[in-house]
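Colleague: Handing over data00.txt, compact mmCIF, C-alpha atoms (C1' of nucleotides).
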# COMPACT_ATOMS: atom_id res chain seq x y z
CA MET H 1 -10.02 26.42 10.72
CA SER H 2 -7.01 24.50 9.50
CA ALA H 3 -7.80 24.85 5.82
CA ALA H 4 -4.96 25.82 3.52
CA VAL H 5 -4.56 29.54 3.26
CA PRO H 6 -4.48 30.86 -0.33
CA GLY H 7 -1.04 32.15 -1.13
CA GLY H 8 0.63 29.94 1.45
CA PHE H 9 3.52 27.64 0.65
CA GLN H 10 2.10 24.12 0.60
CA ILE H 11 4.11 21.00 1.34
CA ALA H 12 2.27 17.69 0.99
CA THR H 13 2.88 13.99 1.45
CA TRP H 14 1.05 11.13 -0.27
CA ASN H 15 1.66 7.40 -0.30
CA VAL H 16 0.29 6.67 -3.78
CA ASN H 17 0.69 2.85 -3.63
CA SER H 18 1.98 2.58 -7.21
CA LEU H 19 2.61 5.70 -9.24
CA ARG H 20 1.76 3.75 -12.40
CA VAL H 21 -1.77 3.12 -11.15
CA ARG H 22 -2.18 6.55 -9.55
CA HIS H 23 -0.48 8.61 -12.28
CA GLU H 24 -3.65 10.31 -13.59
CA GLN H 25 -5.03 10.80 -10.07
CA LEU H 26 -1.80 12.50 -9.07
CA LEU H 27 -1.81 14.86 -12.05
CA GLU H 28 -5.45 15.76 -11.37
CA TRP H 29 -4.64 16.37 -7.70
CA LEU H 30 -1.71 18.62 -8.64
CA ARG H 31 -3.96 20.63 -10.93
CA ALA H 32 -6.68 20.94 -8.30
CA HIS H 33 -4.45 21.93 -5.35
CA SER H 34 -1.28 23.29 -6.92
CA PRO H 35 0.92 22.38 -3.93
CA ASP H 36 4.47 23.76 -3.97
CA VAL H 37 6.08 20.50 -2.85
CA VAL H 38 4.82 16.91 -2.82
CA ALA H 39 6.58 13.93 -1.24
CA LEU H 40 5.44 10.61 -2.70
CA GLN H 41 5.93 7.14 -1.25
CA GLU H 42 5.47 3.61 -2.61
CA THR H 43 5.96 4.75 -6.17
CA LYS H 44 6.91 1.11 -7.03
CA ILE H 45 8.60 2.29 -10.20
CA GLN H 46 12.18 2.13 -11.39
CA ASP H 47 13.91 5.43 -12.12
CA HIS H 48 14.04 4.80 -15.89
CA ASP H 49 10.24 4.41 -15.89
CA PHE H 50 9.47 7.44 -13.72
CA PRO H 51 7.00 9.73 -15.56
CA ALA H 52 9.30 12.75 -15.29
CA ASP H 53 8.12 14.38 -18.54
CA ALA H 54 4.46 14.40 -17.50
CA ILE H 55 5.39 15.78 -14.07
CA ARG H 56 7.52 18.52 -15.63
CA ALA H 57 4.71 19.34 -18.04
CA ALA H 58 2.51 19.81 -14.97
CA GLY H 59 4.96 22.44 -13.74
CA TYR H 60 7.08 20.45 -11.30
CA HIS H 61 10.73 19.67 -10.90
CA CYS H 62 11.17 16.11 -9.72
CA ALA H 63 13.66 13.80 -8.06
CA PHE H 64 13.09 10.14 -7.50
CA SER H 65 14.63 7.04 -5.98
CA GLY H 66 12.79 3.94 -7.02
CA GLN H 67 13.07 0.21 -7.46
CA LYS H 68 11.07 -2.61 -8.97
CA THR H 69 7.83 -3.77 -7.31
CA TYR H 70 8.24 -2.27 -3.84
CA ASN H 71 9.03 0.97 -2.01
CA GLY H 72 10.25 3.99 -3.98
CA VAL H 73 10.06 7.70 -3.07
CA ALA H 74 9.92 10.93 -5.06
CA LEU H 75 9.89 14.67 -4.52
CA LEU H 76 7.97 17.05 -6.77
CA SER H 77 8.48 20.78 -6.44
CA LYS H 78 7.53 23.95 -8.30
CA HIS H 79 10.91 25.32 -7.22
CA PRO H 80 14.30 23.75 -7.89
CA LEU H 81 15.44 20.80 -5.79
CA ALA H 82 19.00 21.06 -4.48
CA ASP H 83 21.42 19.00 -2.38
CA LEU H 84 19.66 15.69 -2.95
CA VAL H 85 20.34 12.85 -0.53
CA ARG H 86 19.10 9.32 -1.23
CA ASP H 87 18.84 6.85 1.67
CA ILE H 88 19.98 7.28 5.26
CA PRO H 89 23.70 8.22 5.19
CA ASP H 90 26.07 5.55 6.54
CA PHE H 91 23.27 3.00 6.81
CA ASP H 92 23.27 0.00 4.51
CA ASP H 93 19.68 -0.46 3.34
CA ALA H 94 18.53 -1.89 0.01
CA PRO H 95 14.94 -0.57 -0.14
CA ARG H 96 14.52 2.92 -1.58
CA ARG H 97 12.80 4.67 1.32
CA VAL H 98 14.41 8.09 1.77
CA LEU H 99 14.91 11.15 -0.40
CA ALA H 100 15.92 14.58 0.91
CA ALA H 101 16.24 17.92 -0.86
CA THR H 102 16.57 21.64 -0.16
CA ILE H 103 13.93 23.94 -1.62
CA ALA H 104 13.97 27.74 -1.58
CA ALA H 105 10.50 29.30 -1.39
CA PRO H 106 9.93 32.43 -3.50
CA GLY H 107 9.65 34.58 -0.36
CA GLY H 108 13.13 33.54 0.74
CA ALA H 109 12.33 30.77 3.22
CA ARG H 110 14.52 27.71 2.82
CA PHE H 111 13.12 24.26 3.51
CA ARG H 112 15.10 21.06 3.98
CA VAL H 113 12.59 18.34 3.14
CA VAL H 114 13.17 14.72 4.13
CA ASN H 115 10.74 12.29 2.50
CA LEU H 116 10.33 8.93 4.29
CA TYR H 117 8.73 5.58 3.66
CA VAL H 118 9.23 3.94 7.05
CA PRO H 119 9.20 0.12 7.05
CA ASN H 120 5.84 -1.50 7.75
CA GLY H 121 7.10 -3.77 10.53
CA GLN H 122 4.59 -6.59 9.95
CA ALA H 123 4.06 -7.54 13.62
CA PRO H 124 5.84 -7.04 16.96
CA GLY H 125 8.38 -9.79 17.48
CA SER H 126 8.94 -10.40 13.77
CA GLU H 127 12.22 -9.86 11.93
CA LYS H 128 10.57 -7.06 9.97
CA PHE H 129 9.61 -5.38 13.23
CA ALA H 130 13.22 -5.52 14.44
CA TYR H 131 14.29 -4.05 11.09
CA LYS H 132 11.77 -1.23 11.48
CA LEU H 133 13.14 -0.28 14.92
CA HIS H 134 16.74 -0.57 13.71
CA TRP H 135 15.87 1.58 10.68
CA LEU H 136 14.18 4.23 12.85
CA ALA H 137 17.21 4.33 15.16
CA ALA H 138 19.52 4.94 12.20
CA LEU H 139 17.15 7.59 10.86
CA THR H 140 17.08 9.33 14.24
CA ARG H 141 20.88 9.48 14.44
CA TRP H 142 20.93 11.21 11.04
CA LEU H 143 18.01 13.55 11.82
CA LYS H 144 19.70 14.63 15.03
CA ASN H 145 22.46 16.19 12.93
CA GLU H 146 20.01 17.54 10.35
CA ALA H 147 17.79 19.15 13.01
CA ALA H 148 20.81 20.93 14.49
CA ALA H 149 22.10 22.12 11.09
CA GLN H 150 18.80 22.81 9.28
CA PRO H 151 16.32 25.12 11.01
CA GLY H 152 14.02 24.77 7.97
CA LEU H 153 13.73 21.02 8.45
CA VAL H 154 10.49 19.28 7.44
CA VAL H 155 10.39 15.48 7.83
CA LEU H 156 7.34 13.95 6.22
CA GLY H 157 5.97 10.80 4.73
CA ASP H 158 4.47 7.44 5.60
CA PHE H 159 5.75 6.83 9.13
CA ASN H 160 3.80 3.60 9.62
CA VAL H 161 3.32 4.65 13.25
CA ALA H 162 0.14 6.15 14.71
CA PRO H 163 1.49 8.63 17.27
CA GLU H 164 -1.35 8.38 19.82
CA ASP H 165 -4.53 6.44 20.51
CA ARG H 166 -6.59 9.29 19.07
CA ASP H 167 -4.88 8.48 15.75
CA VAL H 168 -6.41 4.98 15.80
CA HIS H 169 -10.05 4.18 15.00
CA ASP H 170 -10.27 1.42 17.60
CA PRO H 171 -7.38 1.59 20.08
CA ALA H 172 -8.62 -1.44 22.02
CA ALA H 173 -8.65 -3.61 18.91
CA TRP H 174 -5.18 -2.37 17.91
CA LEU H 175 -3.62 -2.63 21.37
CA GLY H 176 -0.07 -3.96 21.06
CA SER H 177 -0.30 -4.26 17.25
CA VAL H 178 2.16 -3.02 14.71
CA HIS H 179 1.85 0.78 14.06
CA VAL H 180 0.70 1.48 17.64
CA SER H 181 3.07 -0.56 19.85
CA PRO H 182 4.94 1.20 22.68
CA GLU H 183 8.28 0.44 20.97
CA GLU H 184 7.23 2.13 17.72
CA ARG H 185 5.75 5.11 19.54
CA ALA H 186 8.95 5.47 21.58
CA ALA H 187 10.96 5.42 18.34
CA LEU H 188 8.71 8.14 16.89
CA ARG H 189 9.03 10.15 20.12
CA ALA H 190 12.82 10.02 19.78
CA ILE H 191 12.33 11.86 16.47
CA THR H 192 9.81 14.40 17.77
CA ASP H 193 12.16 14.99 20.71
CA LEU H 194 14.52 16.55 18.15
CA GLU H 195 12.13 19.53 18.18
CA LEU H 196 10.30 18.09 15.19
CA CYS H 197 6.62 18.85 15.79
CA ASP H 198 3.59 17.03 14.37
CA ALA H 199 2.13 19.77 12.15
CA PHE H 200 -1.36 18.24 12.22
CA ARG H 201 -1.59 18.58 16.00
CA GLN H 202 -0.65 22.25 16.01
CA PHE H 203 -4.24 22.98 14.98
CA GLU H 204 -7.78 22.10 16.00
CA GLN H 205 -8.81 18.98 14.06
CA ALA H 206 -11.90 16.84 13.70
CA GLU H 207 -11.96 13.73 15.89
CA LYS H 208 -11.19 10.48 14.10
CA SER H 209 -9.01 12.08 11.44
CA PHE H 210 -7.06 9.39 9.61
CA SER H 211 -4.77 9.12 6.58
CA TRP H 212 -4.96 5.38 5.85
CA TRP H 213 -7.81 2.88 5.64
CA ASP H 214 -7.54 -0.81 4.84
CA TYR H 215 -8.88 -1.82 1.43
CA ARG H 216 -10.82 -4.63 3.07
CA GLN H 217 -14.11 -4.84 4.95
CA GLY H 218 -15.31 -1.39 3.91
CA ALA H 219 -12.80 0.24 6.24
CA PHE H 220 -13.02 3.63 4.53
CA ARG H 221 -16.81 3.66 4.60
CA ARG H 222 -16.66 2.90 8.33
CA ASN H 223 -13.80 5.40 8.83
CA ALA H 224 -11.82 2.53 10.37
CA GLY H 225 -8.44 4.11 9.77
CA LEU H 226 -5.11 5.18 11.21
CA ARG H 227 -3.22 8.46 11.03
CA ILE H 228 0.23 7.29 10.02
CA ASP H 229 1.16 9.84 7.35
CA LEU H 230 2.83 12.74 9.14
CA ILE H 231 4.46 16.09 8.52
CA LEU H 232 7.01 16.95 11.22
CA VAL H 233 8.13 20.56 11.30
CA HIS H 234 11.16 21.94 13.11
CA ARG H 235 10.13 24.06 16.10
CA GLN H 236 11.80 27.11 14.53
CA LEU H 237 9.38 26.83 11.57
CA LEU H 238 6.24 26.78 13.72
CA PRO H 239 5.68 30.57 13.52
CA LYS H 240 5.44 30.15 9.73
CA LEU H 241 3.08 27.15 9.91
CA GLN H 242 -0.42 28.28 8.99
CA GLY H 243 -2.32 25.01 8.78
CA CYS H 244 -2.24 21.26 8.27
CA ARG H 245 -5.01 19.12 6.90
CA ILE H 246 -5.78 15.70 5.53
CA ASP H 247 -7.45 15.65 2.10
CA VAL H 248 -9.72 12.58 2.13
CA GLU H 249 -11.16 13.25 -1.34
CA PRO H 250 -8.60 11.12 -3.23
CA ARG H 251 -9.63 8.13 -1.08
CA ARG H 252 -13.21 8.30 -2.40
CA VAL H 253 -12.50 7.62 -6.06
CA GLU H 254 -12.40 4.32 -7.93
CA ARG H 255 -9.02 2.59 -7.60
CA ALA H 256 -7.87 4.90 -4.80
CA SER H 257 -4.63 4.56 -2.90
CA ASP H 258 -5.21 3.23 0.61
CA HIS H 259 -3.48 6.42 1.85
CA THR H 260 -4.62 9.98 1.32
CA PRO H 261 -2.62 13.23 1.11
CA VAL H 262 -1.67 15.41 4.06
CA ILE H 263 -0.87 19.07 3.38
CA ALA H 264 0.92 21.64 5.53
CA THR H 265 0.75 25.33 4.65
CA PHE H 266 3.45 27.86 5.56
CA ARG H 267 3.63 31.60 5.41
CA PRO H 268 5.82 32.08 2.35
CA ASP H 269 8.16 34.85 3.57
C1' DA A 270 -10.84 -17.00 10.45
C1' DT A 271 -3.47 -15.67 7.82
C1' DG A 272 -9.07 -14.25 5.39
C1' DG A 273 -10.91 -9.93 3.79
C1' DC A 274 -8.49 -6.16 -0.81
C1' DG A 275 -5.14 -4.21 -3.87
C1' DT A 276 -0.63 -4.16 -6.38
C1' DA A 277 3.35 -6.46 -8.74
C1' DC A 278 5.42 -10.21 -11.09
C1' DA A 279 4.58 -13.31 -14.22
C1' DC A 280 2.57 -17.90 -12.34
C1' DC A 281 -2.13 -18.97 -13.74
C1' DG A 282 -0.35 -18.58 -7.69
C1' DT A 283 2.79 -15.99 -4.30
C1' DA A 284 4.74 -11.99 -1.63
C1' DC A 285 3.71 -7.94 0.62
C1' DG A 286 1.32 -4.17 2.61
C1' DA A 287 -0.89 -1.90 7.26
Please render this file's structure as structure tokens.
Modeller:
Amino acid sequence: MSAAVPGGFQIATWNVNSLRVRHEQLLEWLRAHSPDVVALQETKIQDHDFPADAIRAAGYHCAFSGQKTYNGVALLSKHPLADLVRDIPDFDDAPRRVLAATIAAPGGARFRVVNLYVPNGQAPGSEKFAYKLHWLAALTRWLKNEAAAQPGLVVLGDFNVAPEDRDVHDPAAWLGSVHVSPEERAALRAITDLELCDAFRQFEQAEKSFSWWDYRQGAFRRNAGLRIDLILVHRQLLPKLQGCRIDVEPRRVERASDHTPVIATFRPD
DNA sequence: ATGGCGTACACCGTACGA
């Protein structure tokens, strides 16, 4: 089984699609699962409105990089966050999509966590699609250095790319579309080629496991989803990786985010 | 079928997401 192992060090990612709307759901999820680290995307909240006090009261340090209306990322951690980096270094980009931090686990392991909200890309051929590929190329140049310098590297978030056809509910219907196009998959492969391994695929998983479902047309009921929320783990961390699972429960509630959390569990030593 | 649904901003509809 790939279930979280009690006592393991849990690192999670969740695109909450508005932290204002999902605030109570997030706090409830933290109470229920008690993850060590959570990377949030699409917080859609400016830094001066970030609910830092409530998060601290729940037992988490937090760092955040937000803006009005769109985008926005945050890191929550039971352990102190150090060496924060906002945005891709040496890449001029207005949206707040990247936040990195170093976290020391109680057992002594040291994780460098890079939280991403990759651009949507709209449709192949569009300007937004070109931006997405340009953005991923800049990200990859940075991660190449990080992967060489940081053996505890974990890159996670909303990648807006489904790595393989088995990560797509209907590959024929999606053929050539944004999130599954050969260009996007090649860009993702350039990242995984940096010895950054898809944690989810290190374990046996149920078929048709997804992390996002459209709000429309009863997509969740029909399990018509995509797996686009990923946790990439540096090869040197794989011996510590104990499991990786998608928690679909938060997608079942009223006013759910269209994405659901993904959790990786590590041996804490 | 550029709509379907949800969120944000702030108009009473438009932009954007995936």
Colleague: What is the distance between CA of Trp213 (chain H) and CA of Gln46 (chain H), in Å to one decimal?
Modeller: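 These two atoms are separated by 26.3 Å.
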Colleague: Give me the residues of chain H that have any atom at most 9 Å from an atom of chain A; for each, the nearest atom pair and the distance in Å, rounded to one decimal. Use only C-alpha atoms (C1' of nucleotides), sort by chain and number, and format it as JSON lines.
Modeller:
{"residue": "H:Asn17", "atom": "CA", "partner": "A:DT276", "partner_atom": "C1'", "distance": 7.6}
{"residue": "H:Ser18", "atom": "CA", "partner": "A:DT276", "partner_atom": "C1'", "distance": 7.3}
{"residue": "H:Val21", "atom": "CA", "partner": "A:DT276", "partner_atom": "C1'", "distance": 8.8}
{"residue": "H:Lys44", "atom": "CA", "partner": "A:DA277", "partner_atom": "C1'", "distance": 8.5}
{"residue": "H:Lys68", "atom": "CA", "partner": "A:DA277", "partner_atom": "C1'", "distance": 8.6}
{"residue": "H:Thr69", "atom": "CA", "partner": "A:DA277", "partner_atom": "C1'", "distance": 5.4}
{"residue": "H:Tyr70", "atom": "CA", "partner": "A:DA277", "partner_atom": "C1'", "distance": 8.1}
{"residue": "H:Asn120", "atom": "CA", "partner": "A:DA287", "partner_atom": "C1'", "distance": 6.8}
{"residue": "H:Gly121", "atom": "CA", "partner": "A:DA287", "partner_atom": "C1'", "distance": 8.8}
{"residue": "H:Gln122", "atom": "CA", "partner": "A:DA287", "partner_atom": "C1'", "distance": 7.7}
{"residue": "H:Asn160", "atom": "CA", "partner": "A:DA287", "partner_atom": "C1'", "distance": 7.6}
{"residue": "H:Val178", "atom": "CA", "partner": "A:DA287", "partner_atom": "C1'", "distance": 8.1}
{"residue": "H:His179", "atom": "CA", "partner": "A:DA287", "partner_atom": "C1'", "distance": 7.8}
{"residue": "H:Trp212", "atom": "CA", "partner": "A:DA287", "partner_atom": "C1'", "distance": 8.5}
{"residue": "H:Trp213", "atom": "CA", "partner": "A:DA287", "partner_atom": "C1'", "distance": 8.6}
{"residue": "H:Asp214", "atom": "CA", "partner": "A:DA287", "partner_atom": "C1'", "distance": 7.2}
{"residue": "H:Tyr215", "atom": "CA", "partner": "A:DC274", "partner_atom": "C1'", "distance": 4.9}
{"residue": "H:Arg216", "atom": "CA", "partner": "A:DC274", "partner_atom": "C1'", "distance": 4.8}
{"residue": "H:Gln217", "atom": "CA", "partner": "A:DG273", "partner_atom": "C1'", "distance": 6.1}
{"residue": "H:Arg255", "atom": "CA", "partner": "A:DG275", "partner_atom": "C1'", "distance": 8.7}
{"residue": "H:Ser257", "atom": "CA", "partner": "A:DG275", "partner_atom": "C1'", "distance": 8.8}
{"residue": "H:Asp258", "atom": "CA", "partner": "A:DG275", "partner_atom": "C1'", "distance": 8.7}
Colleague: Would you mind telling me which residue in H:Pro80, H:Pro95, H:Pro106, H:Pro151 lies nearest to His234 (chain H) when using only C-alpha atoms?
Modeller: H:Pro151
Colleague: Could you tell me how far CA of Ala39 (chain H) lies from CA of Phe210 (chain H), in Å and to one decimal?
Modeller: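 So the two atoms, CA of Ala39 (chain H) and CA of Phe210 (chain H), lie 18.0 Å apart.
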Colleague: Would you compute an axis-aligned box for region 50-57 of chain H, covering every atom listed for it in the file with 4 Å of margin on each side, and report centre and edge lengths in Å to one decimal as JSON?
Modeller:
{"center_x": 7.0, "center_y": 13.4, "center_z": -16.1, "size_x": 13.0, "size_y": 19.9, "size_z": 12.8}
Colleague: Kindly give the distance, in Å, that separates CA of Arg189 (chain H) and CA of Gln205 (chain H), rounded to a single decimal.
Modeller: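 Going from CA of Arg189 (chain H) over to CA of Gln205 (chain H) covers 20.8 Å.
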Colleague: Need to verify the contact set: Val155 (chain H), 9 Å, only C-alpha atoms (C1' of nucleotides), exclusion of same-chain residues closer than 2 positions in sequence. Can you return it as a list in words?
Modeller: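 Using only C-alpha atoms (C1' of nucleotides), the neighbours found are Ala100, Arg112, Val113, Val114, Asn115, Leu116, Leu143, Leu153, Gly157, Leu196, Leu230, Ile231, Leu232, Val233 and His234 of chain H.
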Colleague: Need to verify the contact set: Thr260 (chain H), 7 Å, all atoms listed in the file, exclusion of same-chain residues closer than 3 positions in sequence. Can you return it as a list in words?
Modeller: Trp14, Asn15, Ser211, Trp212, Asp247, Val248, Pro250, Arg251 and Ser257 of chain H
Colleague: List the spatial neighbours of Val262 (chain H) as a ChimeraX atom specification - criterion: any atom at most 6 Å away, only C-alpha atoms (C1' of nucleotides), same-chain residues fewer than 6 positions off excluded.
Modeller: /H:12-13,245-246
Colleague: (3.2, 12.9, -4.3) in this file's frame - what residues fall within 9 Å of it? Use all atoms listed in the file and give the answer as a list in words.
Modeller: Ala12, Thr13, Trp14, Asn15, Val16, Leu19, Leu26, Leu30, Val37, Val38, Ala39, Leu40, Gln41, Thr43, Val73, Ala74, Leu75, Leu76 and Pro261 of chain H
Colleague: What does the file look like for those residues with C-alpha atoms, as a compact mmCIF listing (two decimals), in the coordinates of the input?
Modeller:
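Result file is result.txt:
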# COMPACT_ATOMS: atom_id res chain seq x y z
CA ALA H 12 2.27 17.69 0.99
CA THR H 13 2.88 13.99 1.45
CA TRP H 14 1.05 11.13 -0.27
CA ASN H 15 1.66 7.40 -0.30
CA VAL H 16 0.29 6.67 -3.78
CA LEU H 19 2.61 5.70 -9.24
CA LEU H 26 -1.80 12.50 -9.07
CA LEU H 30 -1.71 18.62 -8.64
CA VAL H 37 6.08 20.50 -2.85
CA VAL H 38 4.82 16.91 -2.82
CA ALA H 39 6.58 13.93 -1.24
CA LEU H 40 5.44 10.61 -2.70
CA GLN H 41 5.93 7.14 -1.25
CA THR H 43 5.96 4.75 -6.17
CA VAL H 73 10.06 7.70 -3.07
CA ALA H 74 9.92 10.93 -5.06
CA LEU H 75 9.89 14.67 -4.52
CA LEU H 76 7.97 17.05 -6.77
CA PRO H 261 -2.62 13.23 1.11
